[in-house]
Amino acid sequence: MEKKNISRRSFLKAFGAGAAGTAAVMAGCKEANKAGEQAAEEYKNQVEPAVGKMTYRENPKTKEKVSILGYGMMRLPTKVDNSDEFDQEMINKQIDYALEHGLNYIDTSPVYCQGKSEHCTGIALSRHKRSEYFIATKLSNFNRDYWSFEKSKEMYLNSMKELQVDYIDYYLLHAIGGGMDEFNSRYVDNGIMDFLMKEREAGRIRNLGFSFHGYQAVFDEVLAMQDKYHWDFVQIELNYLDWDYANEINERNVDASYLYAELQKRGIPAVIMEPLLGGRLANLPQYLMTELKSKAPERSVASWAFRYAGTPEGVLTVLSGMTYMEHLKDNLLSYCPLTPLTDEEMRYLDGDIAHKIVRLENIPCNDCKYCMPCPYGIDIPAIFVHYNKCKNDGSLPMGIGDKEYRKHRRQYLISLDRAVPRDRQPDHCIQCGQCEPHCPQNIRIPRELRKIDEMIEELKRDPEGKGVAAKE
């Protein structure tokens, strides 16, 4: 962590490519520059959000006003001519714009963006008064080598060094939920929780909480430690699909309605992650996008999801990983100010629209890249995103009964090669399973890759669609 130019290989070795959550987050910032061009085209007629109109929520402990929109520094912009290098000038520009429009909650982690997020965030924020923003970061000690007190403390202190601050406003235990044995090993048995509580008493940590991905039993047990640890906030996944359908999509996931209700019972503010499910709720099938646009032509499809996540009063802030200025502006338009959804609109989204999405039976990939890097070079998120897109567009080749099979077959195979290089496609998966424990959505990744690979092989062998059937 001390080296300025630590290699990707060294970083993965240090933090553990096989640890839950780590690998994906580190890969999460390498966005294709063509996506930036698409964003610019999509929002070319975008209006400027108003200054001085941000909606704020009060932290019940500190009484400080927190912007309902939080900036997630997980997917930072990269340079046009070198996607491996982060564009510090653009990062500075976007942070400046966000603060100017009243956003004051910035979220990062030691493992985001190949370990460079805190450093880039620190540079951008150091140009502003410390009183202008709240910084949130995490104890991301996924790897067993970092379960010791000394290593965990080192990570905590290095966060303040990289962020160029002498206190952290919101500090999280990162991604709990895998099991209580792991929780105790990472935080309790090594004494680091006692240390963090003392840091909170000393004012170097203003608010202490945790982010959750995993089993309900773990959430319940850790939340029940409230009398001992006095959790100041908890970060959960909440959106109109996960409100009632998270457990139906995958039995190991927990419905957001349950998580939020449990926090409300205890008066603990909720920080929201994945309001768009990694962009899935902004890239709906065309007929659903048309339906939403007909109800509010002046708003983006994404704004429905952001307003949904921000409407509950127990929500302190809603995080968004805004790689491009266009996304930042659109989200500011949703929250400057926030117009809460009516009860009818809430039911429309988490009932009608969510039910239609579930019926699509897509692979529930959020493109978070927690599963990356694959040791065999497979671009897992790109494969799943491509499959979902074709299914949503109605262009997935269905075999017998598909009148446009030959056209769909050709489109699928050609677009797959354009979206994913051939040496990174599913046929290279050896079913090692290293990716599966990292997935916040608990997708059985090797199984899904095998099914897509089998479908692709059938498409290649059967140009007429006599025996081909889409993956079920």
# chains A, B, ... in the order shown; residues from 1 in each chain; ligands from 1
>>> closest_atom_pairs(of="stretch 345-390 of chain A", to="stretch 250-255 of chain A", cutoff="12 Å", atoms="only C-alpha atoms", output="Markdown table")
| residue | atom | partner | partner_atom | distance |
| --- | --- | --- | --- | --- |
| A:Asp350 | CA | A:Asp255 | CA | 11.5 |
| A:Val358 | CA | A:Asn250 | CA | 11.2 |
| A:Glu361 | CA | A:Asn250 | CA | 11.4 |
| A:Asn362 | CA | A:Asn250 | CA | 11.9 |
| A:Ile363 | CA | A:Asn250 | CA | 10.5 |
| A:Pro364 | CA | A:Asn250 | CA | 8.8 |
| A:Cys365 | CA | A:Asn250 | CA | 11.6 |
>>> write_last_selection(atoms="N, CA, C and O atoms", output="compact mmCIF listing (two decimals), in the first residue's frame")
# COMPACT_ATOMS: atom_id res chain seq x y z
N ASP A 350 -42.31 -1.40 -7.33
CA ASP A 350 -41.90 -2.64 -6.67
C ASP A 350 -42.90 -3.77 -6.85
O ASP A 350 -42.64 -4.91 -6.46
N VAL A 358 -38.76 -9.67 -13.15
CA VAL A 358 -38.50 -11.01 -12.64
C VAL A 358 -38.92 -12.07 -13.66
O VAL A 358 -38.24 -13.08 -13.85
N GLU A 361 -36.51 -13.48 -16.26
CA GLU A 361 -35.58 -14.53 -15.85
C GLU A 361 -34.17 -14.28 -16.39
O GLU A 361 -33.51 -15.18 -16.90
N ASN A 362 -33.73 -13.04 -16.28
CA ASN A 362 -32.35 -12.72 -16.65
C ASN A 362 -31.38 -13.26 -15.62
O ASN A 362 -31.76 -13.60 -14.50
N ILE A 363 -30.12 -13.28 -15.99
CA ILE A 363 -29.07 -13.56 -15.01
C ILE A 363 -28.94 -12.30 -14.16
O ILE A 363 -28.69 -11.22 -14.70
N PRO A 364 -29.10 -12.37 -12.84
CA PRO A 364 -29.14 -11.17 -12.01
C PRO A 364 -27.77 -10.53 -11.77
O PRO A 364 -27.38 -10.26 -10.64
N CYS A 365 -27.05 -10.29 -12.86
CA CYS A 365 -25.71 -9.69 -12.76
C CYS A 365 -25.82 -8.18 -12.73
O CYS A 365 -26.48 -7.57 -13.58
>>> closest_atom_pairs(of="stretch 251-369 of chain A", to="stretch 225-230 of chain A", cutoff="12 Å", atoms="only C-alpha atoms", output="JSON lines")
{"residue": "A:Glu262", "atom": "CA", "partner": "A:Gln226", "partner_atom": "CA", "distance": 11.8}
{"residue": "A:Leu263", "atom": "CA", "partner": "A:Gln226", "partner_atom": "CA", "distance": 10.6}
{"residue": "A:Lys265", "atom": "CA", "partner": "A:Gln226", "partner_atom": "CA", "distance": 11.7}
{"residue": "A:Arg266", "atom": "CA", "partner": "A:Gln226", "partner_atom": "CA", "distance": 8.5}
{"residue": "A:Gly267", "atom": "CA", "partner": "A:Gln226", "partner_atom": "CA", "distance": 10.7}
{"residue": "A:Ile268", "atom": "CA", "partner": "A:His230", "partner_atom": "CA", "distance": 9.3}
>>> write_last_selection(atoms="all heavy atoms", output="PDB file, in the first residue's frame")
ATOM      1  N   GLU A 262     -35.881  -3.782   9.660  1.00  0.00           N
ATOM      2  CA  GLU A 262     -35.101  -4.096  10.859  1.00  0.00           C
ATOM      3  C   GLU A 262     -34.277  -2.891  11.315  1.00  0.00           C
ATOM      4  O   GLU A 262     -34.122  -2.651  12.521  1.00  0.00           O
ATOM      5  CB  GLU A 262     -34.185  -5.290  10.594  1.00  0.00           C
ATOM      6  CG  GLU A 262     -34.923  -6.606  10.420  1.00  0.00           C
ATOM      7  CD  GLU A 262     -35.755  -6.965  11.642  1.00  0.00           C
ATOM      8  OE1 GLU A 262     -35.185  -7.071  12.746  1.00  0.00           O
ATOM      9  OE2 GLU A 262     -36.987  -7.123  11.501  1.00  0.00           O
ATOM     10  N   LEU A 263     -33.755  -2.128  10.371  1.00  0.00           N
ATOM     11  CA  LEU A 263     -33.010  -0.919  10.736  1.00  0.00           C
ATOM     12  C   LEU A 263     -33.954   0.125  11.329  1.00  0.00           C
ATOM     13  O   LEU A 263     -33.625   0.805  12.306  1.00  0.00           O
ATOM     14  CB  LEU A 263     -32.287  -0.355   9.511  1.00  0.00           C
ATOM     15  CG  LEU A 263     -31.183  -1.240   8.910  1.00  0.00           C
ATOM     16  CD1 LEU A 263     -30.563  -0.560   7.704  1.00  0.00           C
ATOM     17  CD2 LEU A 263     -30.113  -1.553   9.949  1.00  0.00           C
ATOM     18  N   LYS A 265     -36.674  -0.367  13.002  1.00  0.00           N
ATOM     19  CA  LYS A 265     -37.058  -0.758  14.363  1.00  0.00           C
ATOM     20  C   LYS A 265     -36.065  -0.232  15.388  1.00  0.00           C
ATOM     21  O   LYS A 265     -36.441   0.096  16.517  1.00  0.00           O
ATOM     22  CB  LYS A 265     -37.123  -2.285  14.477  1.00  0.00           C
ATOM     23  CG  LYS A 265     -38.281  -2.938  13.763  1.00  0.00           C
ATOM     24  CD  LYS A 265     -38.197  -4.449  13.927  1.00  0.00           C
ATOM     25  CE  LYS A 265     -39.268  -5.174  13.128  1.00  0.00           C
ATOM     26  NZ  LYS A 265     -39.120  -6.647  13.236  1.00  0.00           N
ATOM     27  N   ARG A 266     -34.813  -0.146  14.983  1.00  0.00           N
ATOM     28  CA  ARG A 266     -33.749   0.246  15.901  1.00  0.00           C
ATOM     29  C   ARG A 266     -33.321   1.698  15.713  1.00  0.00           C
ATOM     30  O   ARG A 266     -32.399   2.163  16.376  1.00  0.00           O
ATOM     31  CB  ARG A 266     -32.540  -0.687  15.724  1.00  0.00           C
ATOM     32  CG  ARG A 266     -32.851  -2.128  16.093  1.00  0.00           C
ATOM     33  CD  ARG A 266     -31.803  -3.082  15.551  1.00  0.00           C
ATOM     34  NE  ARG A 266     -32.046  -4.462  15.962  1.00  0.00           N
ATOM     35  CZ  ARG A 266     -32.926  -5.279  15.395  1.00  0.00           C
ATOM     36  NH1 ARG A 266     -33.634  -4.847  14.364  1.00  0.00           N
ATOM     37  NH2 ARG A 266     -33.091  -6.508  15.833  1.00  0.00           N
ATOM     38  N   GLY A 267     -33.975   2.389  14.799  1.00  0.00           N
ATOM     39  CA  GLY A 267     -33.633   3.784  14.573  1.00  0.00           C
ATOM     40  C   GLY A 267     -32.263   3.985  13.960  1.00  0.00           C
ATOM     41  O   GLY A 267     -31.625   5.020  14.174  1.00  0.00           O
ATOM     42  N   ILE A 268     -31.798   2.997  13.165  1.00  0.00           N
ATOM     43  CA  ILE A 268     -30.476   3.072  12.535  1.00  0.00           C
ATOM     44  C   ILE A 268     -30.638   3.562  11.096  1.00  0.00           C
ATOM     45  O   ILE A 268     -31.358   2.946  10.310  1.00  0.00           O
ATOM     46  CB  ILE A 268     -29.780   1.701  12.537  1.00  0.00           C
ATOM     47  CG1 ILE A 268     -29.633   1.192  13.977  1.00  0.00           C
ATOM     48  CG2 ILE A 268     -28.422   1.786  11.849  1.00  0.00           C
ATOM     49  CD1 ILE A 268     -29.067  -0.220  14.052  1.00  0.00           C
TER      50      ILE A 268
END
>>> atom_distance(atom1="atom CA of A:Tyr156", atom2="atom CA of A:Leu76")
21.7 Å
>>> select_by_dssp(residues="stretch 293-392 of chain A", states="alpha helix (DSSP H)", output="number ranges by chain")
A: 293-295, 301-310, 325-335, 343-347, 354-359, 380-392
>>> closest_atom_pairs(of="stretch 181-266 of chain A", to="stretch 295-313 of chain A", cutoff="12 Å", atoms="only C-alpha atoms", output="CSV")
residue,atom,partner,partner_atom,distance
A:Ile236,CA,A:Ala309,CA,11.0
A:Glu237,CA,A:Ala309,CA,9.5
A:Leu238,CA,A:Ala309,CA,6.4
A:Asn239,CA,A:Ala309,CA,5.7
A:Tyr240,CA,A:Tyr308,CA,6.7
A:Leu241,CA,A:Ala305,CA,9.3
A:Asp242,CA,A:Ala309,CA,10.7
A:Trp243,CA,A:Ala309,CA,9.8
A:Ala256,CA,A:Ala309,CA,10.5
A:Ser257,CA,A:Pro312,CA,10.8
A:Tyr260,CA,A:Pro312,CA,9.1
A:Ala261,CA,A:Pro312,CA,10.6
A:Leu263,CA,A:Glu313,CA,11.8
A:Gln264,CA,A:Glu313,CA,9.5
>>> write_last_selection(atoms="N, CA, C and O atoms", output="short mmCIF file (atom, residue, chain, number, x, y, z; two decimals), in the first residue's frame")
data_model
loop_
_atom_site.label_atom_id
_atom_site.label_comp_id
_atom_site.auth_asym_id
_atom_site.auth_seq_id
_atom_site.Cartn_x
_atom_site.Cartn_y
_atom_site.Cartn_z
N ILE A 236 -27.02 -1.02 2.99
CA ILE A 236 -27.74 -2.16 2.43
C ILE A 236 -28.06 -1.93 0.96
O ILE A 236 -28.05 -0.80 0.49
N GLU A 237 -28.36 -3.01 0.26
CA GLU A 237 -28.79 -2.92 -1.14
C GLU A 237 -30.30 -2.72 -1.15
O GLU A 237 -31.05 -3.53 -0.60
N LEU A 238 -30.76 -1.64 -1.77
CA LEU A 238 -32.19 -1.34 -1.83
C LEU A 238 -32.53 -0.74 -3.18
O LEU A 238 -31.91 0.24 -3.61
N ASN A 239 -33.50 -1.35 -3.83
CA ASN A 239 -34.02 -0.86 -5.10
C ASN A 239 -35.39 -1.50 -5.29
O ASN A 239 -35.79 -2.38 -4.52
N TYR A 240 -36.11 -1.10 -6.31
CA TYR A 240 -37.49 -1.58 -6.42
C TYR A 240 -37.60 -3.04 -6.86
O TYR A 240 -38.65 -3.65 -6.74
N LEU A 241 -36.51 -3.63 -7.37
CA LEU A 241 -36.52 -5.05 -7.67
C LEU A 241 -36.20 -5.87 -6.43
O LEU A 241 -36.85 -6.89 -6.15
N ASP A 242 -35.20 -5.43 -5.67
CA ASP A 242 -34.79 -6.17 -4.47
C ASP A 242 -35.73 -5.96 -3.28
O ASP A 242 -35.60 -6.66 -2.28
N TRP A 243 -36.65 -5.00 -3.38
CA TRP A 243 -37.54 -4.73 -2.24
C TRP A 243 -38.29 -6.00 -1.82
O TRP A 243 -38.30 -6.35 -0.64
N ALA A 256 -34.90 -6.37 0.49
CA ALA A 256 -34.59 -5.05 1.04
C ALA A 256 -35.67 -4.59 2.02
O ALA A 256 -35.38 -3.86 2.97
N SER A 257 -36.91 -5.02 1.79
CA SER A 257 -37.99 -4.63 2.69
C SER A 257 -37.71 -5.12 4.10
O SER A 257 -38.01 -4.43 5.09
N TYR A 260 -34.49 -3.07 5.58
CA TYR A 260 -34.87 -1.69 5.93
C TYR A 260 -35.75 -1.68 7.17
O TYR A 260 -35.56 -0.84 8.07
N ALA A 261 -36.71 -2.59 7.26
CA ALA A 261 -37.62 -2.62 8.40
C ALA A 261 -36.86 -2.90 9.70
O ALA A 261 -37.16 -2.29 10.75
N LEU A 263 -33.76 -2.13 10.37
CA LEU A 263 -33.01 -0.92 10.74
C LEU A 263 -33.95 0.13 11.33
O LEU A 263 -33.63 0.81 12.31
N GLN A 264 -35.13 0.25 10.74
CA GLN A 264 -36.12 1.20 11.23
C GLN A 264 -36.53 0.90 12.67
O GLN A 264 -36.73 1.82 13.48
#
>>> closest_residue(among="A:Ser109, A:Tyr171, A:Ala382, A:Phe210", to="A:Asp417", atoms="only C-alpha atoms")
A:Ala382
>>> residues_around(residues="A:Ile135", least_positions_apart="2", cutoff="10 Å", atoms="only C-alpha atoms", output="list in words")
Gly70, Tyr71, Asn104, Tyr105, Ile106, Asp107, Thr108, Thr121, Gly122, Leu125, Arg130, Tyr133, Thr137, Leu163, Val165, Tyr167, Ile168, Asp169, Tyr170 and Tyr171 of chain A
>>> closest_residue(among="A:Met325, A:Leu173, A:Leu223, A:Met398", to="A:Met90", atoms="only C-alpha atoms")
A:Met325
>>> residues_around(residues="A:Asp96", least_positions_apart="5", cutoff="10 Å", atoms="only C-alpha atoms", output="list of chain:residue names")
A:Met90, A:Ile91, A:His101, A:Leu103, A:Ala124, A:Leu125, A:Arg127, A:His128
>>> closest_atom_pairs(of="stretch 139-169 of chain A", to="stretch 182-193 of chain A", cutoff="9 Å", atoms="only C-alpha atoms", output="Markdown table")
| residue | atom | partner | partner_atom | distance |
| --- | --- | --- | --- | --- |
| A:Asn141 | CA | A:Arg186 | CA | 7.0 |
| A:Phe142 | CA | A:Arg186 | CA | 7.8 |
| A:Arg144 | CA | A:Arg186 | CA | 8.0 |
| A:Tyr146 | CA | A:Arg186 | CA | 8.0 |
| A:Trp147 | CA | A:Arg186 | CA | 4.9 |
| A:Ser148 | CA | A:Asn190 | CA | 5.9 |
| A:Phe149 | CA | A:Asn190 | CA | 5.3 |
| A:Glu150 | CA | A:Ile192 | CA | 8.7 |
| A:Ser152 | CA | A:Ile192 | CA | 7.1 |
| A:Lys153 | CA | A:Ile192 | CA | 7.2 |
>>> closest_residue(among="A:Phe219, A:Phe134, A:Tyr405, A:Tyr376", to="A:Arg424", atoms="only C-alpha atoms")
A:Tyr376
>>> closest_residue(among="A:Val222, A:Val47, A:Ile456, A:Ile357", to="A:Pro397", atoms="only C-alpha atoms")
A:Ile456
>>> closest_atom_pairs(of="stretch 292-359 of chain A", to="stretch 58-65 of chain A", cutoff="10 Å", atoms="only C-alpha atoms", output="CSV")
residue,atom,partner,partner_atom,distance
A:Gly314,CA,A:Glu58,CA,9.8
A:Val315,CA,A:Glu58,CA,9.7
A:Leu316,CA,A:Asn59,CA,7.0
A:Thr317,CA,A:Glu58,CA,9.9
>>> write_last_selection(atoms="C-alpha atoms", output="PDB file, in the first residue's frame")
ATOM      1  CA  GLY A 314     -34.996   6.217   7.076  1.00  0.00           C
ATOM      2  CA  VAL A 315     -32.572   6.512   4.148  1.00  0.00           C
ATOM      3  CA  LEU A 316     -29.642   8.786   4.943  1.00  0.00           C
ATOM      4  CA  THR A 317     -28.051   8.801   1.480  1.00  0.00           C
TER       5      THR A 317
END
>>> atom_distance(atom1="atom CA of A:Leu292", atom2="atom CA of A:Asp352")
11.5 Å
